[in-house]
Amino acid sequence: MANRLANSTSPYLLQHKENPVEWWEWSEEAFAEARRRDVPVLISIGYAACHWCHVMAHESFEDPITATEMNRLFVNVKVDREERPDVDSVYMEATQAMTGHGGWPMTVFVDHDGRPFYAGTYFPKTPHHGMPSFRQLLDGISTAWNEKRAEVSDQARRLVDAVAATVPPSGVPGTSELVAAYQKIESLFDSDNGGFGGAPKFPQQPLLEFLLRVHAESWAPEAKLMLGVTLDKMARGGIRDHLGGGFSRYSVDAGWLVPHFEKMLYDNAQLARIYLWAGVEFGRADFLEVARDTIGYLNNYLRHPNGGFYSSEDADSEGHEGKFYVWTLDEVRAALGAEAPQAIDYFGLTEGGNFEGSNILSVVGDSTPPGLVGSKARLLEVRERRIRPGLDDKVIASWNGLAIRTLAEAGAVLKDPILMNQARQTARFVLDNLMIDGRLMRSWRDGRASTPAFLDDHSSVALGMYALYSATGEIDWYRAAVDLVDQMHRFERPDGGYFTTAKDGQDLFKRPFDITDNPLPSGNALASEALFYASMFTGDKHLHGMMESAISAGAGLATRYPTMSAHHLSVAYSSARSKELAVVGPDRQGLTDVYYQRFRPHIALASAPTQSPAVPLLVGRDTGTATMAFVCRDFVCDLPTSNPNLLAEMLDS
């Protein structure tokens, strides 16, 4: 027997390839081995940037005595939750049903059919605060398996029954449901610090985008304030990297000061887009700068040389959380010399520090001191000599779809051809490396693709391709989006909405069905939005019905618990206000620029030099030699115009 992780495509699994634990990857062979030995399966789920995953690995999985017990009593399976969100999803539901909370590392004990009968998250090496040690847990689970098998089976049955319960579809939310959801969100707003709820505090990007979409509605009078305060506080807080750009995953405190230092592609792609459009809508140049800064982080630190984006950077470096990012006063003084005092005041640095004796940079000053740009550059230069946190260098389709959308929209809004080319390069990377024999794959690393793609991959990449088509008018991106939407039928769910896995995907004890939008929009929410654009570009009523099915699947959760499913609300809101914009003619830039002067996710933009059969929205838009814009509703168009000011009025009416 041996550890089997050395050939994995997952950096997280490769972190464990030297463990004395005889790890298996997720496979039918692992379950067959458990049946042969008549032992349960221990499933350990985490991800490469996870701090507490590292802690449990150091305490238990690297310990020869603990590993010996794991090998003797169980078949041990290690899973990367980012590479296998289907496995993570069903066992996270079980963990939450059993314990009332979830998180990573996730530790689940299952029978030979994959049915969970005991679950938890982190377990310490020694008993702590009423929690058993991991070795005590191993012994107790094994004893129960061998001596109380009937009780174990009954527990598995009850847990599976609990997880199998789903929220029934409830129709597309109308205005009354949207208003009620908004009011619930407003009641949770932290007026002192921004954000929603207490510590730990997550940005909750889908919720922020919902506020951005509805901020001009009379029934959402505080939406602009709530969004503006939250974006302000986050931009000034320690959750933001003030030297290298980008945001950490969440703050352990309510005031955004102390981050959990891991930095994820999906967080930063979404936040860059929200800051971009909030900057446009609110006339905030500082928000636009945060958007540029965040995109700069992605390009400087997460970009593959050929165009795709890596997944994340770790919380830890040199075995300590946050070590790469924090500063003592002596370090700042040594780096800045005479300019140190103003930087110390601006970032609120102290001798005692605000994090384990050191300082996390956060903005406390009200005005920017002269020379700050140079001081930040010097601090960054010094920091770059430190040992960087670990990089998870796999490329995930879904998260790259988010990045393509952000880059394409930023390139158009900011009129930046470099950003637009980066969007093109990322899109081409995905199509060249994650599309195998016409089928999208979930992730890629070092020339190897992993498992077939899931619903969120198809939806997110399709949205990225649609955004890139709208921004460039280049038909190849539209065709790529259409192909991905066409494949969604493989995920359809008889009761409405879409499963996470395709019909020919790997069987689990439950076929996962995801409607929870936090921190990423769920597969169903992303599918509804991709289908929304597909229906607007084509006028296809069947696609519109599929969109409504996907929205309805999550609407019950979204209206009862809007912070958990806000992107469903966003798509429902936009779908009720949908318009189409076709711009046809040889000189389209002046008219397409009008589209990007406001945040208009409810409008699909198609453009071409002449009418084109490739995009149904462009068919019949004959303008002769002129360049004209057609504003349409359900393919019924107003009189075309070549006047940018009139076009803006038509789009906003």
# chains A, B, ... in the order shown; residues from 1 in each chain; ligands from 1
call {"tool": "residues_around", "arguments": {"residues": "region 480-488 of chain A", "least_positions_apart": "4", "cutoff": "8 Å", "atoms": "only C-alpha atoms", "output": "list of chain:residue names"}}
result
A:Leu455, A:His458, A:Ser459, A:Val461, A:Ala462, A:Leu463, A:Met465, A:Tyr466, A:Asp476, A:Glu492, A:Ala530, A:Leu531, A:Ala534
call {"tool": "residues_around", "arguments": {"residues": "Ser27 (chain A)", "least_positions_apart": "4", "cutoff": "12 Å", "atoms": "only C-alpha atoms", "output": "ChimeraX atom specification"}}
result
/A:4,23,31-34,41,43,75-79,84,87,114,451,506-508
call {"tool": "write_last_selection", "arguments": {"atoms": "all heavy atoms", "output": "compact mmCIF listing (two decimals), in the first residue's frame"}}
result
# COMPACT_ATOMS: atom_id res chain seq x y z
N ARG A 4 -1.10 7.61 -2.93
CA ARG A 4 -1.34 7.60 -4.38
C ARG A 4 -1.54 8.99 -4.97
O ARG A 4 -2.15 9.13 -6.03
CB ARG A 4 -2.58 6.75 -4.68
CG ARG A 4 -2.42 5.29 -4.31
CD ARG A 4 -3.77 4.58 -4.27
NE ARG A 4 -3.61 3.18 -3.95
CZ ARG A 4 -3.43 2.71 -2.72
NH1 ARG A 4 -3.38 3.56 -1.70
NH2 ARG A 4 -3.28 1.42 -2.51
N TRP A 23 -3.12 7.77 1.17
CA TRP A 23 -4.23 8.47 0.53
C TRP A 23 -4.58 7.87 -0.82
O TRP A 23 -3.70 7.48 -1.60
CB TRP A 23 -3.88 9.94 0.32
CG TRP A 23 -3.77 10.81 1.54
CD1 TRP A 23 -2.64 11.43 2.00
CD2 TRP A 23 -4.82 11.18 2.44
NE1 TRP A 23 -2.93 12.17 3.12
CE2 TRP A 23 -4.26 12.03 3.41
CE3 TRP A 23 -6.18 10.88 2.51
CZ2 TRP A 23 -5.00 12.58 4.45
CZ3 TRP A 23 -6.93 11.43 3.54
CH2 TRP A 23 -6.35 12.27 4.50
N PHE A 31 -13.43 2.90 -3.05
CA PHE A 31 -14.58 2.28 -2.40
C PHE A 31 -14.54 0.76 -2.53
O PHE A 31 -14.95 0.04 -1.61
CB PHE A 31 -15.87 2.87 -2.97
CG PHE A 31 -16.17 4.25 -2.45
CD1 PHE A 31 -15.67 5.37 -3.09
CD2 PHE A 31 -16.92 4.42 -1.30
CE1 PHE A 31 -15.93 6.65 -2.60
CE2 PHE A 31 -17.18 5.69 -0.80
CZ PHE A 31 -16.68 6.80 -1.44
N ALA A 32 -14.04 0.27 -3.66
CA ALA A 32 -13.89 -1.17 -3.81
C ALA A 32 -12.91 -1.73 -2.78
O ALA A 32 -13.12 -2.81 -2.21
CB ALA A 32 -13.42 -1.52 -5.23
N GLU A 33 -11.85 -0.99 -2.52
CA GLU A 33 -10.88 -1.41 -1.51
C GLU A 33 -11.52 -1.42 -0.12
O GLU A 33 -11.26 -2.31 0.70
CB GLU A 33 -9.67 -0.48 -1.54
CG GLU A 33 -8.61 -0.75 -0.47
CD GLU A 33 -7.89 -2.09 -0.64
OE1 GLU A 33 -8.07 -2.74 -1.71
OE2 GLU A 33 -7.15 -2.49 0.27
N ALA A 34 -12.36 -0.45 0.18
CA ALA A 34 -13.05 -0.41 1.47
C ALA A 34 -13.98 -1.62 1.62
O ALA A 34 -14.08 -2.22 2.70
CB ALA A 34 -13.83 0.89 1.61
N VAL A 41 -14.84 4.49 4.83
CA VAL A 41 -14.01 5.42 4.07
C VAL A 41 -13.96 6.74 4.82
O VAL A 41 -14.99 7.26 5.25
CB VAL A 41 -14.57 5.64 2.65
CG1 VAL A 41 -13.75 6.67 1.89
CG2 VAL A 41 -14.61 4.31 1.89
N ILE A 43 -13.11 10.52 4.28
CA ILE A 43 -12.94 11.52 3.23
C ILE A 43 -12.49 12.83 3.86
O ILE A 43 -13.16 13.36 4.75
CB ILE A 43 -14.24 11.74 2.44
CG1 ILE A 43 -14.74 10.42 1.85
CG2 ILE A 43 -14.04 12.77 1.33
CD1 ILE A 43 -16.10 10.52 1.21
N VAL A 75 -10.07 3.31 4.68
CA VAL A 75 -9.54 3.71 3.38
C VAL A 75 -9.68 5.23 3.34
O VAL A 75 -10.77 5.78 3.55
CB VAL A 75 -10.31 3.06 2.22
CG1 VAL A 75 -9.95 3.73 0.90
CG2 VAL A 75 -10.00 1.57 2.16
N ASN A 76 -8.59 5.92 3.09
CA ASN A 76 -8.52 7.37 3.24
C ASN A 76 -8.49 8.06 1.87
O ASN A 76 -7.62 7.75 1.04
CB ASN A 76 -7.28 7.74 4.05
CG ASN A 76 -7.28 7.06 5.41
OD1 ASN A 76 -8.03 7.44 6.30
ND2 ASN A 76 -6.44 6.03 5.56
N VAL A 77 -9.42 8.96 1.66
CA VAL A 77 -9.59 9.63 0.37
C VAL A 77 -9.40 11.13 0.57
O VAL A 77 -10.06 11.74 1.42
CB VAL A 77 -10.98 9.33 -0.22
CG1 VAL A 77 -11.20 10.14 -1.50
CG2 VAL A 77 -11.14 7.84 -0.49
N LYS A 78 -8.53 11.73 -0.22
CA LYS A 78 -8.27 13.16 -0.16
C LYS A 78 -8.91 13.83 -1.38
O LYS A 78 -8.73 13.39 -2.52
CB LYS A 78 -6.77 13.43 -0.13
CG LYS A 78 -6.36 14.88 -0.10
CD LYS A 78 -6.87 15.62 1.11
CE LYS A 78 -6.11 15.30 2.39
NZ LYS A 78 -6.55 16.20 3.49
N VAL A 79 -9.67 14.91 -1.13
CA VAL A 79 -10.43 15.59 -2.19
C VAL A 79 -10.12 17.09 -2.17
O VAL A 79 -10.14 17.72 -1.12
CB VAL A 79 -11.95 15.37 -2.00
CG1 VAL A 79 -12.75 16.16 -3.04
CG2 VAL A 79 -12.30 13.89 -2.08
N ARG A 84 -13.28 19.21 -7.30
CA ARG A 84 -14.48 18.37 -7.24
C ARG A 84 -15.56 19.04 -6.40
O ARG A 84 -15.88 18.60 -5.30
CB ARG A 84 -14.13 16.99 -6.66
CG ARG A 84 -13.22 16.15 -7.54
CD ARG A 84 -13.82 15.88 -8.93
NE ARG A 84 -15.13 15.26 -8.88
CZ ARG A 84 -15.35 13.96 -9.04
NH1 ARG A 84 -14.33 13.14 -9.25
NH2 ARG A 84 -16.57 13.46 -9.00
N VAL A 87 -18.45 16.63 -5.15
CA VAL A 87 -18.19 15.85 -3.94
C VAL A 87 -18.26 16.75 -2.72
O VAL A 87 -18.89 16.42 -1.70
CB VAL A 87 -16.81 15.16 -4.03
CG1 VAL A 87 -16.49 14.43 -2.73
CG2 VAL A 87 -16.77 14.19 -5.21
N GLY A 114 -20.89 5.33 -0.09
CA GLY A 114 -20.64 6.76 -0.04
C GLY A 114 -21.60 7.52 0.83
O GLY A 114 -21.59 8.76 0.84
N THR A 451 -11.26 16.67 -14.27
CA THR A 451 -12.57 16.05 -14.41
C THR A 451 -13.46 16.85 -15.37
O THR A 451 -13.21 18.04 -15.60
CB THR A 451 -13.23 15.97 -13.01
OG1 THR A 451 -14.37 15.15 -13.05
CG2 THR A 451 -13.61 17.35 -12.51
N GLN A 506 -20.28 11.38 -12.61
CA GLN A 506 -20.07 10.30 -11.65
C GLN A 506 -21.20 10.29 -10.61
O GLN A 506 -21.63 11.32 -10.12
CB GLN A 506 -18.72 10.49 -10.94
CG GLN A 506 -18.31 9.31 -10.09
CD GLN A 506 -16.89 9.47 -9.57
OE1 GLN A 506 -16.38 10.57 -9.45
NE2 GLN A 506 -16.24 8.36 -9.27
N ASP A 507 -21.69 9.09 -10.31
CA ASP A 507 -22.76 8.95 -9.34
C ASP A 507 -22.24 9.20 -7.92
O ASP A 507 -21.19 8.69 -7.53
CB ASP A 507 -23.36 7.55 -9.40
CG ASP A 507 -24.23 7.35 -10.64
OD1 ASP A 507 -24.69 8.36 -11.19
OD2 ASP A 507 -24.44 6.19 -11.04
N LEU A 508 -23.00 9.99 -7.16
CA LEU A 508 -22.77 10.18 -5.74
C LEU A 508 -24.02 9.72 -5.01
O LEU A 508 -25.02 9.36 -5.64
CB LEU A 508 -22.48 11.66 -5.44
CG LEU A 508 -21.29 12.27 -6.18
CD1 LEU A 508 -21.27 13.78 -5.99
CD2 LEU A 508 -19.99 11.66 -5.67
call {"tool": "residues_around", "arguments": {"residues": "Gln425 (chain A)", "least_positions_apart": "5", "cutoff": "10 Å", "atoms": "only C-alpha atoms", "output": "number ranges by chain"}}
result
A: 305-308, 404, 419-420, 430-431
call {"tool": "write_last_selection", "arguments": {"atoms": "N, CA and C atoms", "output": "compact mmCIF listing (two decimals), in the first residue's frame"}}
result
# COMPACT_ATOMS: atom_id res chain seq x y z
N PRO A 305 1.42 32.39 -17.96
CA PRO A 305 2.09 33.11 -19.06
C PRO A 305 1.32 33.10 -20.37
N ASN A 306 0.51 32.07 -20.59
CA ASN A 306 -0.24 31.98 -21.85
C ASN A 306 -1.65 32.53 -21.76
N GLY A 307 -2.05 33.04 -20.60
CA GLY A 307 -3.30 33.76 -20.56
C GLY A 307 -4.34 33.36 -19.54
N GLY A 308 -4.35 32.13 -19.05
CA GLY A 308 -5.33 31.75 -18.05
C GLY A 308 -4.94 32.27 -16.67
N ILE A 404 -12.79 36.54 -17.36
CA ILE A 404 -13.00 37.00 -18.74
C ILE A 404 -14.05 38.10 -18.77
N LEU A 419 -6.37 45.57 -21.42
CA LEU A 419 -7.30 44.72 -20.68
C LEU A 419 -8.14 43.89 -21.64
N MET A 420 -8.55 44.47 -22.75
CA MET A 420 -9.36 43.73 -23.71
C MET A 420 -8.56 42.57 -24.30
N VAL A 430 -8.75 29.19 -22.26
CA VAL A 430 -9.79 28.25 -21.82
C VAL A 430 -10.22 27.34 -22.97
N LEU A 431 -10.47 27.92 -24.13
CA LEU A 431 -10.93 27.11 -25.26
C LEU A 431 -9.85 26.15 -25.76
call {"tool": "closest_residue", "arguments": {"among": "A:Arg81, A:Arg157, A:His16, A:Lys579", "to": "Gly46 (chain A)", "atoms": "only C-alpha atoms"}}
result
A:Arg81
call {"tool": "atom_distance", "arguments": {"atom1": "CA of Gly103 (chain A)", "atom2": "CA of Val55 (chain A)"}}
result
13.8 Å
